[in-house]
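Student: Below: one structure in structure tokens.
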Amino acid sequence: MGYNVVMIEFKYTGDQLYARMERAVEKVNQRLKKTVQIVENANIPYAVIGGFAVRAWVAQVDEAAVRTTRDVDILVREKDLPALIAAMSDAGFYHRQTAGLDMFVEHPEASARDAVHVLICGRVEKTGDPNPDVEPSTETNEFRTVPLRTLVAMKLNAFRRKDQVHLIDMISLKMIDRTWLDYYPDRLRQRLQELLDDPDG
């Protein structure tokens, strides 16, 4: 099967290029801050997961290893979803549901790439194990996230390419080692073993 290659003109350079790159990162950071402020003001239990959770944990070890992320992912309990929809909508976000996934965008035509994605505690995403609860949580000055052991389990459960990259980063920083194999059931243990044995793929 062939692929259609999109020809891109390299038209942004210099300060304009730096500004676009910096703006892309800042937009996601601001989206996270707005979301956290909304859910905390509404007293909705939550945890930041996904790329921002990885960033928070990796930053504890080596800030040079922190990767940017385009996603804002939060975990909430199903019973709190109506309150979340109301609070986010009151703050100007638009609720959207695509393929069973709840998300919030800042204007109706926004791409799913520019969204706040919501995962529900106890729900199975596609295949694998149910999502964890929001508790216990780990506090940062900016937001609540899940404990590292829980985050690693979620990454092993999803095991997409970006999840594997996040896990390999943690392995390279010695945040995860072979002692962690005992923490997880067989399916997740095998995936972690695979990455520990051959982190370069």
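How things are named: the first chain in the structure tokens is A, the next is B, and so on; residues count from 1 in each chain; ligands count from 1 in the order shown.
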Find the residues near range 27-34 of chain A: any atom within 7 Å, counting only C-alpha atoms, skip ones fewer than 3 places away on the same chain, and give them as a ChimeraX atom specification.

Tutor: /A:23-24,37-38,70,72

Student: Write the selection just made, keeping N, CA and C atoms, as a compact mmCIF listing (two decimals), in the first residue's frame?

Tutor:
```
# COMPACT_ATOMS: atom_id res chain seq x y z
N ARG A 23 4.95 29.04 21.20
CA ARG A 23 3.52 29.24 21.37
C ARG A 23 2.79 27.91 21.47
N ALA A 24 3.23 26.93 20.69
CA ALA A 24 2.60 25.61 20.73
C ALA A 24 2.71 24.99 22.12
N GLN A 37 -7.52 24.60 37.35
CA GLN A 37 -8.22 25.63 38.14
C GLN A 37 -9.72 25.38 38.16
N ILE A 38 -10.27 24.97 37.02
CA ILE A 38 -11.72 24.71 36.93
C ILE A 38 -12.12 23.54 37.82
N ARG A 70 1.52 17.31 23.64
CA ARG A 70 0.43 18.08 23.04
C ARG A 70 -0.89 17.81 23.75
N VAL A 72 -3.56 17.17 27.06
CA VAL A 72 -3.94 17.34 28.45
C VAL A 72 -4.91 16.20 28.75
```

Student: So that I can check the surroundings of range 186-197 of chain A, please list as a list in words every protein, DNA and RNA residue that reaches within 10 Å of it, counting only C-alpha atoms and ignoring chain neighbours fewer than 3 positions away.

Tutor: Gly128, Asp129, Val152, Ala153, Met154, Lys155, Leu156, Asn157, Ala158, Phe159, Gln164, Val165, Leu167, Ile168, Ile171, Ser172, Ile176, Asp177, Arg178, Trp180, Leu181, Asp182, Tyr183, Asp200 and Gly201 of chain A

Student: Please give the complete set of residues from range 5-193 of chain A that DSSP, run on the backbone, assigns to alpha helix (DSSP H), formatted as a count of residues only.

Tutor: 79

Student: Near Arg77 in chain A, within 8 Å and counting only C-alpha atoms, which residues show up once chain neighbours fewer than 5 positions away are dropped, as a ChimeraX atom specification?

Tutor: /A:45-46,120-122,133-134

Student: Write a file of the selected residues as an mmCIF file, in the first residue's frame, keeping N, CA and C atoms.

Tutor:
```cif
data_model
loop_
_atom_site.group_PDB
_atom_site.id
_atom_site.type_symbol
_atom_site.label_atom_id
_atom_site.label_comp_id
_atom_site.auth_asym_id
_atom_site.auth_seq_id
_atom_site.Cartn_x
_atom_site.Cartn_y
_atom_site.Cartn_z
ATOM 1 N N PRO A 45 -12.758 15.616 42.390
ATOM 2 C CA PRO A 45 -11.539 14.796 42.510
ATOM 3 C C PRO A 45 -11.010 14.437 41.123
ATOM 4 N N TYR A 46 -9.714 14.567 40.930
ATOM 5 C CA TYR A 46 -9.132 14.335 39.608
ATOM 6 C C TYR A 46 -7.662 13.962 39.768
ATOM 7 N N ILE A 120 -12.066 7.852 32.456
ATOM 8 C CA ILE A 120 -12.967 7.579 33.562
ATOM 9 C C ILE A 120 -12.417 6.429 34.414
ATOM 10 N N CYS A 121 -12.375 6.640 35.712
ATOM 11 C CA CYS A 121 -11.916 5.603 36.633
ATOM 12 C C CYS A 121 -12.743 4.327 36.442
ATOM 13 N N GLY A 122 -12.056 3.189 36.406
ATOM 14 C CA GLY A 122 -12.725 1.909 36.312
ATOM 15 C C GLY A 122 -13.132 1.507 34.916
ATOM 16 N N ASP A 133 -8.248 4.477 40.096
ATOM 17 C CA ASP A 133 -8.998 5.542 40.747
ATOM 18 C C ASP A 133 -8.101 6.785 40.844
ATOM 19 N N VAL A 134 -8.713 7.909 41.149
ATOM 20 C CA VAL A 134 -7.944 9.144 41.318
ATOM 21 C C VAL A 134 -7.184 9.171 42.641
#
```

Student: Which residues come within 8 Å of Ala115 in chain A, counting only C-alpha atoms, excluding same-chain residues fewer than 3 positions away, as a PyMOL selection string?

Tutor: chain A and resi 71-72+103-106+110-112

Student: Output C-alpha atoms for every residue in that selection, as a compact mmCIF listing (two decimals), in the first residue's frame.

Tutor:
```txt
# COMPACT_ATOMS: atom_id res chain seq x y z
CA ASP A 71 -2.13 16.38 25.28
CA VAL A 72 -3.94 17.34 28.45
CA MET A 103 -13.11 15.70 25.64
CA PHE A 104 -13.27 19.47 25.92
CA VAL A 105 -12.16 21.98 23.31
CA GLU A 106 -11.86 25.75 23.50
CA ALA A 110 -10.93 22.81 17.39
CA SER A 111 -9.07 19.61 16.61
CA ALA A 112 -9.04 16.70 19.04
```

Student: Could you name the residues that touch Ile49 in chain A at 8 Å or less, counting only C-alpha atoms, but leaving out those on the same chain fewer than 5 positions away, as a PyMOL selection string?

Tutor: chain A and resi 54+72-75+145-146+151

Student: Filtering to N, CA and C atoms, could you give me those residues as a CSV table (one decimal), in the first residue's frame?

Tutor:
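Below is the file that was written, result36.csv:
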```csv
chain,number,residue,atom,x,y,z
A,54,VAL,N,3.9,12.3,33.1
A,54,VAL,CA,5.2,11.8,32.8
A,54,VAL,C,6.2,12.9,33.0
A,72,VAL,N,-3.6,17.2,27.1
A,72,VAL,CA,-3.9,17.3,28.5
A,72,VAL,C,-4.9,16.2,28.8
A,73,ASP,N,-4.5,15.3,29.6
A,73,ASP,CA,-5.3,14.2,30.0
A,73,ASP,C,-5.6,14.2,31.5
A,74,ILE,N,-6.9,14.1,31.8
A,74,ILE,CA,-7.3,14.0,33.2
A,74,ILE,C,-8.1,12.8,33.5
A,75,LEU,N,-8.0,12.3,34.7
A,75,LEU,CA,-8.8,11.1,35.2
A,75,LEU,C,-9.8,11.6,36.2
A,145,THR,N,-1.5,14.4,40.5
A,145,THR,CA,-1.3,13.3,39.5
A,145,THR,C,-1.3,12.0,40.3
A,146,VAL,N,-1.0,10.9,39.5
A,146,VAL,CA,-1.1,9.6,40.1
A,146,VAL,C,0.3,9.2,40.6
A,151,LEU,N,1.2,5.3,37.3
A,151,LEU,CA,1.4,5.8,36.0
A,151,LEU,C,2.1,4.8,35.1
```

Student: So the first atom is CA of Met175 in chain A and the second is CA of Lys162 in chain A; what is the distance between them in Å, to one decimal place?

Tutor: 17.3 Å

Student: What does the structure give for the distance between CA of Pro136 in chain A and CA of Gly100 in chain A, in Å to one decimal?

Tutor: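 If I compute the distance from CA of Pro136 in chain A to CA of Gly100 in chain A, I get 25.9 Å.
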